[in-house]
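Novice: This is the structure I have questions about; it appears just below.
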Amino acid sequence: MFCYQCQETAKGSGCTMRGVCGKTNDTANLQDLLMYTLKGISLYTVKSRDLGELNVKVDTFIMESLFTTITNANFHNTTFVDRVREGIALRAEVKAQLVKEGISIQDVTHDSAVWTGNTVEEFEKKAEVVGVLATENEDVRSLRELLTYGLKGMAAYAEHARNLGYTDTTIHEFMQKALAATTDDTLTADQLVGLVMECGKFGVDVMALLDKANTSTYGHPEITKVNIGVQHKPGILISGHDLKDMEELLKQTEGTGVDVYTHSEMLPAHYYPAFKKYAHFVGNYGNAWWKQDKEFESFNGPILMTTNCIVPPKDAYKGRIYTTGAAGFEGVTHIPDRKDGQTKDFSAIIEQAKNCPPPIEIETGEIIGGFAHTTVLGLADKVIDAVKSGAIKRFFVMAGCDGRMKSRDYYTEFANTLPKDTVILTAGCAKYKYNKLDLGDIGGIPRVLDAGQCNDSYSLAVIALKLKEVFELNDINELPISYNIAWYEQKAVIVLLALLYLGVKNIHVGPTLPAFLSPNVAKVLVDTFGIGGITNVQSDIEMFMNPTA
Ligand code: SF4
Ligand code: SF3
């Protein structure tokens with residue numbers, strides 16, 4: 001195996017024996033083979049978007065498959081074996097349809113489009129030669145993987161939107177064009193950079209689509225205080241990012257005597273008006289994903305993982321973990337997808353919960369959130385006055401992911417050390433590094449404004465664009481906003497590419513720069529966009545507070 005798609009990759013260069021995330025050699029290889037299969041299918045589908053229902057079938061398959069390969073989403077080998085088989089069959093179907101329609105496929109000769117296999121042994125053998133390192137030139141490899149990881153993030157957001165009935169076929173068309181492009185040895189580095197930028201454009205589109213899906217379905221997030229203590233009834237903990245699963249779980253648990261708590265990236269569900277009517281939706285339990293192996297045991301009840309991030313479960317609570325959607329883990333019960341417009345069936349989880357003791361309290365108090373674009377723009381006058389009067393000197397976008405590395409304590413210290421006339425704009429699980437600190441407020445505006453999940457970084461971009469308009473600036477970079485983003489997995493990659501596409505410069509990314517950026521590709525990002533890493537809190541704050549110095 002060779003995997004370097006996340007921030008915690010071994011030695012900052014690549015996992016080769018077993019993932020730091022717990023992904024085994026065989027799972028990693030099967031994921032590589034699935035990616036290869038998706039590329040092969042795309043080499044055919046780029047020929048035509050006029051295949052009717054078959055295009056929809058391929059769009060769905062590719063989107064869901066990409067999502068399963070995201071860090072910490074799915075560790076279940078059977079999922080990947082089944083998907084590779086399904087992919088090969090789908091590829092044959094597309095091929096046959098193209099031939100039937102008189103579209104020439106003679107130039108489709110890349111191995112990913114023509115290889116075949118059926119047994120697990122054949123798959124394992126093939127997987128060994130189609131991974132990331134199969135691209136020998138390190139700059140081409142770097143650009144191909146940067147693009148691919150952007151697509152994985154895009155696929156995750158597209159799937160959440162799809163689950164709420166929102167799709168945009170141009171996003172799928174781009175995913176397939178980009179996947180096919182990663183097999184093309186004739187593309188120059190400039191052309192690949194062009195595709196990476198285009199990926200950012202579709203990153204904006206997909207986050208806007210998901211924002212529309214979420215807010216049209218569940219209302220606009222409102223300022224909300226969320227209890228982080230516990231109640232006295234048995235509970236179900238729901239984690240991940242999928243709001244449709246959240247809704248169905250709340251409906252099915254109503255009146256059962258079981259409470260529902262959010263975990264990690266599901267916390268922002270509390271901000272949506274549609275979920276506030278449920279009296280048994282009682283709070284948030286625990287912190288960011290990586291602490292789950294310490295916190296799930298004391299929750300006592302069942303835990304539903306709707307997406308990433310799963311940490312390989314300990315025996316102490318493995319029997320209480322469930323996965324659904326793109327998530328999966330060997331030996332853990334998987335709740336099947338919706339069929340024919342029916343809801344998912346969470347009854348097994350609810351039945352188990354009824355027989356569990358209530359959660360053990362691990363902290364008390366409240367956290368506040370719900371500062372998505374409508375809320376913040378609703379406060380626009382107040383915010384603008386505070387900026388004009390100098391009460392707010394600078395905003396810090398500290399969106400992204402949290403992770404295990406000790407070096408991430410930087411973000412807690414950074415938040416604590418920032419001058420008191422600054423405001424943090426956050427989204428994603430990165431917030432757990434500072435959302436329980438008492439950082440106070442500025443004239444009633446809290447100093448940490450949580451817009452929501454990582455995809456709600458879109459809200460932060462909308463706010464920035466609006467402020468640019470109000471202050472009549474020509475360039476988004478003239479705003480008193482600095483970007484100090486923490487990344488971990490591939491959704492952070494699409495968020496970053498989206499910000500670059502919107503013209504945001506001088507974004508700092510930490511705690512380390514991606515291992516998949518070759519020195520030359522990193523140089524392009526530094527020279528063109530002023531991307532930088534982090535150093536230490538004092539120097540970085542000084543640098544951010546004096547941007548022209
Ligand atoms: Fe390593 Fe990250 Fe890949 Fe897991 S996802 S194998 S930790 S690089
Ligand atoms: Fe966190 Fe996994 Fe990325 Fe959605 S839950 S931000 S790391």
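Residues in the structure tokens are numbered from 1 in each chain, the chains being A, B, ... in the order shown, and ligands are numbered from 1 in the order shown.
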If DSSP is run on the backbone, what residues of range 107-314 of chain A are strand (DSSP E or B)? A reply as a ChimeraX atom specification would be ideal.
Specialist: /A:224-227,235-239,259-262,281-284,303-305
Novice: Would you mind listing what lies within 6 Å of Ile392 in chain A as a PyMOL selection string, with only C-alpha atoms counted and same-chain residues fewer than 6 positions away left out?
Specialist: chain A and resi 386+421-422
Novice: For the residues selected in the previous step, produce a file with C-alpha atoms as a PDB file, in the first residue's frame.
Specialist:
```pdb
ATOM      1  CA  ALA A 386     -17.822  47.127  14.830  1.00  0.00           C
ATOM      2  CA  ASP A 421     -10.478  42.684  19.116  1.00  0.00           C
ATOM      3  CA  THR A 422     -10.472  39.758  16.702  1.00  0.00           C
TER       4      THR A 422
END
```
Novice: Excluding Asp456 in chain A and residues on its chain fewer than 4 positions from it, collect all residues at most 8 Å away from it, counting only C-alpha atoms, and give them as a count of residues only.
Specialist: 8
Novice: Under the rule that only C-alpha atoms and all ligand atoms are counted, which of A:Ile362, A:Ile70, A:Ala113, A:Val196 is the nearest residue to ligand 1?
Specialist: A:Ile70
Novice: Quick one: of A:Gly403, A:Pro336, A:Gly365, A:Gly331, who's nearest to ligand 1, counting only C-alpha atoms and all ligand atoms?
Specialist: A:Gly403
Novice: If you count only C-alpha atoms and all ligand atoms, which residues end up within 9 Å of ligand 1, as a PyMOL selection string?
Specialist: chain A and resi 1-10+12-25+28+69-72+488-489+515
Novice: Write a file of the selected residues as a short mmCIF file (atom, residue, chain, number, x, y, z; two decimals), in the first residue's frame, keeping N, CA, C and O atoms.
Specialist:
```
data_model
loop_
_atom_site.label_atom_id
_atom_site.label_comp_id
_atom_site.auth_asym_id
_atom_site.auth_seq_id
_atom_site.Cartn_x
_atom_site.Cartn_y
_atom_site.Cartn_z
N MET A 1 0.83 -1.20 0.00
CA MET A 1 0.00 0.00 0.00
C MET A 1 0.87 1.25 0.00
O MET A 1 2.01 1.23 0.47
N PHE A 2 0.34 2.27 -0.57
CA PHE A 2 0.94 3.60 -0.39
C PHE A 2 -0.21 4.61 -0.36
O PHE A 2 -0.97 4.73 -1.31
N CYS A 3 -0.34 5.30 0.76
CA CYS A 3 -1.42 6.29 0.86
C CYS A 3 -0.86 7.53 1.56
O CYS A 3 -0.22 7.43 2.59
N TYR A 4 -1.09 8.67 0.93
CA TYR A 4 -0.65 9.93 1.57
C TYR A 4 -1.73 10.99 1.47
O TYR A 4 -1.45 12.18 1.38
N GLN A 5 -2.99 10.52 1.50
CA GLN A 5 -4.07 11.46 1.23
C GLN A 5 -4.46 12.33 2.43
O GLN A 5 -5.17 13.30 2.25
N CYS A 6 -4.03 11.97 3.64
CA CYS A 6 -4.46 12.80 4.78
C CYS A 6 -3.27 13.41 5.51
O CYS A 6 -2.12 13.05 5.26
N GLN A 7 -3.58 14.27 6.43
CA GLN A 7 -2.54 15.03 7.14
C GLN A 7 -1.72 14.15 8.07
O GLN A 7 -0.58 14.49 8.38
N GLU A 8 -2.30 13.04 8.52
CA GLU A 8 -1.59 12.22 9.51
C GLU A 8 -0.76 11.11 8.87
O GLU A 8 -0.33 10.18 9.55
N THR A 9 -0.55 11.20 7.58
CA THR A 9 0.19 10.16 6.88
C THR A 9 1.54 9.89 7.57
O THR A 9 2.17 10.81 8.10
N ALA A 10 1.96 8.63 7.55
CA ALA A 10 3.14 8.22 8.33
C ALA A 10 4.38 9.03 7.96
O ALA A 10 4.68 9.22 6.78
N GLY A 12 4.93 11.95 7.75
CA GLY A 12 4.71 13.10 6.87
C GLY A 12 5.03 12.80 5.42
O GLY A 12 5.17 13.70 4.60
N SER A 13 5.07 11.51 5.05
CA SER A 13 5.37 11.22 3.65
C SER A 13 4.43 10.18 3.03
O SER A 13 4.03 10.32 1.89
N GLY A 14 4.04 9.14 3.77
CA GLY A 14 3.13 8.16 3.18
C GLY A 14 3.01 6.94 4.07
O GLY A 14 3.98 6.51 4.67
N CYS A 15 1.80 6.38 4.17
CA CYS A 15 1.61 5.14 4.93
C CYS A 15 1.91 3.97 4.01
O CYS A 15 1.35 3.88 2.90
N THR A 16 2.77 3.06 4.44
CA THR A 16 3.18 1.98 3.56
C THR A 16 2.90 0.58 4.13
O THR A 16 2.85 -0.39 3.40
N MET A 17 2.74 0.48 5.44
CA MET A 17 2.52 -0.84 6.04
C MET A 17 1.06 -0.96 6.50
O MET A 17 0.39 -1.94 6.26
N ARG A 18 0.63 0.08 7.17
CA ARG A 18 -0.71 0.15 7.71
C ARG A 18 -0.95 1.63 7.94
O ARG A 18 -0.04 2.37 8.32
N GLY A 19 -2.18 2.08 7.68
CA GLY A 19 -2.45 3.50 7.85
C GLY A 19 -2.41 3.92 9.32
O GLY A 19 -2.77 3.14 10.20
N VAL A 20 -1.95 5.13 9.56
CA VAL A 20 -2.05 5.70 10.90
C VAL A 20 -3.53 5.72 11.32
O VAL A 20 -3.87 5.59 12.49
N CYS A 21 -4.41 5.83 10.33
CA CYS A 21 -5.86 5.85 10.57
C CYS A 21 -6.39 4.46 10.92
O CYS A 21 -7.55 4.32 11.32
N GLY A 22 -5.56 3.43 10.72
CA GLY A 22 -6.01 2.06 11.00
C GLY A 22 -6.35 1.29 9.74
O GLY A 22 -6.67 0.10 9.79
N LYS A 23 -6.24 1.96 8.59
CA LYS A 23 -6.55 1.27 7.33
C LYS A 23 -5.47 0.22 7.07
O LYS A 23 -4.28 0.51 7.14
N THR A 24 -5.90 -1.00 6.74
CA THR A 24 -4.91 -2.05 6.53
C THR A 24 -4.41 -2.02 5.08
O THR A 24 -5.02 -1.40 4.21
N ASN A 25 -3.33 -2.73 4.88
CA ASN A 25 -2.73 -2.84 3.56
C ASN A 25 -3.75 -3.29 2.50
O ASN A 25 -3.88 -2.68 1.44
N ALA A 28 -6.43 -0.59 1.79
CA ALA A 28 -5.85 0.52 1.01
C ALA A 28 -5.71 0.13 -0.45
O ALA A 28 -6.06 0.90 -1.36
N THR A 69 -13.91 6.10 -0.25
CA THR A 69 -12.44 6.05 -0.14
C THR A 69 -11.87 7.23 0.65
O THR A 69 -10.66 7.33 0.81
N ILE A 70 -12.73 8.11 1.13
CA ILE A 70 -12.26 9.23 1.97
C ILE A 70 -11.68 8.68 3.27
O ILE A 70 -12.15 7.66 3.79
N THR A 71 -10.72 9.39 3.80
CA THR A 71 -10.10 8.98 5.07
C THR A 71 -11.17 8.73 6.15
O THR A 71 -12.06 9.57 6.35
N ASN A 72 -11.05 7.60 6.81
CA ASN A 72 -11.90 7.27 7.96
C ASN A 72 -13.39 7.08 7.64
O ASN A 72 -14.23 7.19 8.53
N TYR A 488 -7.26 17.95 7.53
CA TYR A 488 -6.97 16.56 7.85
C TYR A 488 -7.28 15.67 6.65
O TYR A 488 -6.42 14.98 6.14
N GLU A 489 -8.55 15.69 6.22
CA GLU A 489 -8.88 14.76 5.14
C GLU A 489 -9.28 15.50 3.86
O GLU A 489 -9.04 16.69 3.73
N ALA A 515 1.45 16.06 2.31
CA ALA A 515 2.59 15.28 1.79
C ALA A 515 2.46 15.08 0.29
O ALA A 515 3.44 14.85 -0.40
#
```
Novice: Residues contacting ligand 2 - anything with an atom at most 6 Å away, using only C-alpha atoms and all ligand atoms - can you give me those as a JSON list (two decimals) with N, CA, C and O atoms, in the first residue's frame?
Specialist:
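This went into out29.json:
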```
[["chain", "number", "residue", "atom", "x", "y", "z"],
["A", 265, "GLU", "N", -18.98, 16.28, 13.94],
["A", 265, "GLU", "CA", -19.49, 17.10, 12.84],
["A", 265, "GLU", "C", -21.03, 17.15, 12.76],
["A", 265, "GLU", "O", -21.59, 17.87, 11.95],
["A", 289, "TRP", "N", -13.73, 13.93, 16.22],
["A", 289, "TRP", "CA", -13.74, 12.52, 15.89],
["A", 289, "TRP", "C", -12.66, 11.69, 16.58],
["A", 289, "TRP", "O", -12.91, 10.56, 16.99],
["A", 308, "ASN", "N", -17.57, 9.65, 7.54],
["A", 308, "ASN", "CA", -16.34, 9.80, 8.30],
["A", 308, "ASN", "C", -16.61, 10.77, 9.45],
["A", 308, "ASN", "O", -17.53, 11.59, 9.34],
["A", 309, "CYS", "N", -15.82, 10.70, 10.55],
["A", 309, "CYS", "CA", -14.59, 9.96, 10.71],
["A", 309, "CYS", "C", -14.78, 8.84, 11.74],
["A", 309, "CYS", "O", -15.12, 9.11, 12.89],
["A", 400, "GLY", "N", -12.00, 23.97, 9.02],
["A", 400, "GLY", "CA", -11.30, 22.74, 8.66],
["A", 400, "GLY", "C", -11.52, 21.61, 9.64],
["A", 400, "GLY", "O", -12.59, 21.47, 10.23],
["A", 401, "CYS", "N", -10.45, 20.83, 9.81],
["A", 401, "CYS", "CA", -10.57, 19.58, 10.55],
["A", 401, "CYS", "C", -9.73, 19.60, 11.82],
["A", 401, "CYS", "O", -8.73, 20.30, 11.90],
["A", 402, "ASP", "N", -10.11, 18.75, 12.75],
["A", 402, "ASP", "CA", -9.27, 18.49, 13.91],
["A", 402, "ASP", "C", -8.55, 17.14, 13.67],
["A", 402, "ASP", "O", -8.87, 16.42, 12.71],
["A", 428, "GLY", "N", -16.56, 23.13, 10.45],
["A", 428, "GLY", "CA", -15.84, 21.85, 10.46],
["A", 428, "GLY", "C", -15.46, 21.46, 11.87],
["A", 428, "GLY", "O", -15.69, 22.20, 12.83],
["A", 429, "CYS", "N", -14.82, 20.29, 11.99],
["A", 429, "CYS", "CA", -14.53, 19.82, 13.35],
["A", 429, "CYS", "C", -13.30, 20.48, 13.95],
["A", 429, "CYS", "O", -12.97, 20.25, 15.12],
["A", 453, "GLN", "N", -20.86, 22.73, 9.67],
["A", 453, "GLN", "CA", -19.98, 21.64, 9.26],
["A", 453, "GLN", "C", -18.91, 22.17, 8.30],
["A", 453, "GLN", "O", -18.99, 23.32, 7.85],
["A", 454, "CYS", "N", -17.96, 21.29, 7.92],
["A", 454, "CYS", "CA", -16.88, 21.75, 7.04],
["A", 454, "CYS", "C", -17.42, 22.33, 5.74],
["A", 454, "CYS", "O", -16.89, 23.32, 5.23],
["A", 488, "TYR", "N", -7.26, 17.95, 7.53],
["A", 488, "TYR", "CA", -6.97, 16.56, 7.85],
["A", 488, "TYR", "C", -7.28, 15.67, 6.65],
["A", 488, "TYR", "O", -6.42, 14.98, 6.14],
["A", 489, "GLU", "N", -8.55, 15.69, 6.22],
["A", 489, "GLU", "CA", -8.88, 14.76, 5.14],
["A", 489, "GLU", "C", -9.28, 15.50, 3.86],
["A", 489, "GLU", "O", -9.04, 16.69, 3.73]]
```
Novice: Which one of A:Thr333, A:Thr215, A:Gln252, A:Asn416 sits closest to Ser347 in chain A if you count only C-alpha atoms?
Specialist: A:Gln252
Novice: To one decimal place in Å, what is the distance between CA of Val509 in chain A and CA of Asp438 in chain A?
Specialist: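 About the pair CA of Val509 in chain A and CA of Asp438 in chain A: they are 24.8 Å apart.
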Novice: From the options A:Asp190, A:Val129, A:Ala269, A:Gly444, which residue's atoms come nearest to Tyr218 in chain A, counting only C-alpha atoms?
Specialist: A:Ala269
Novice: Just the residues within 8 Å of Met545 in chain A, please, counting only C-alpha atoms, with nothing from its chain fewer than 3 positions along; format it as a PyMOL selection string.
Specialist: chain A and resi 394+541-542
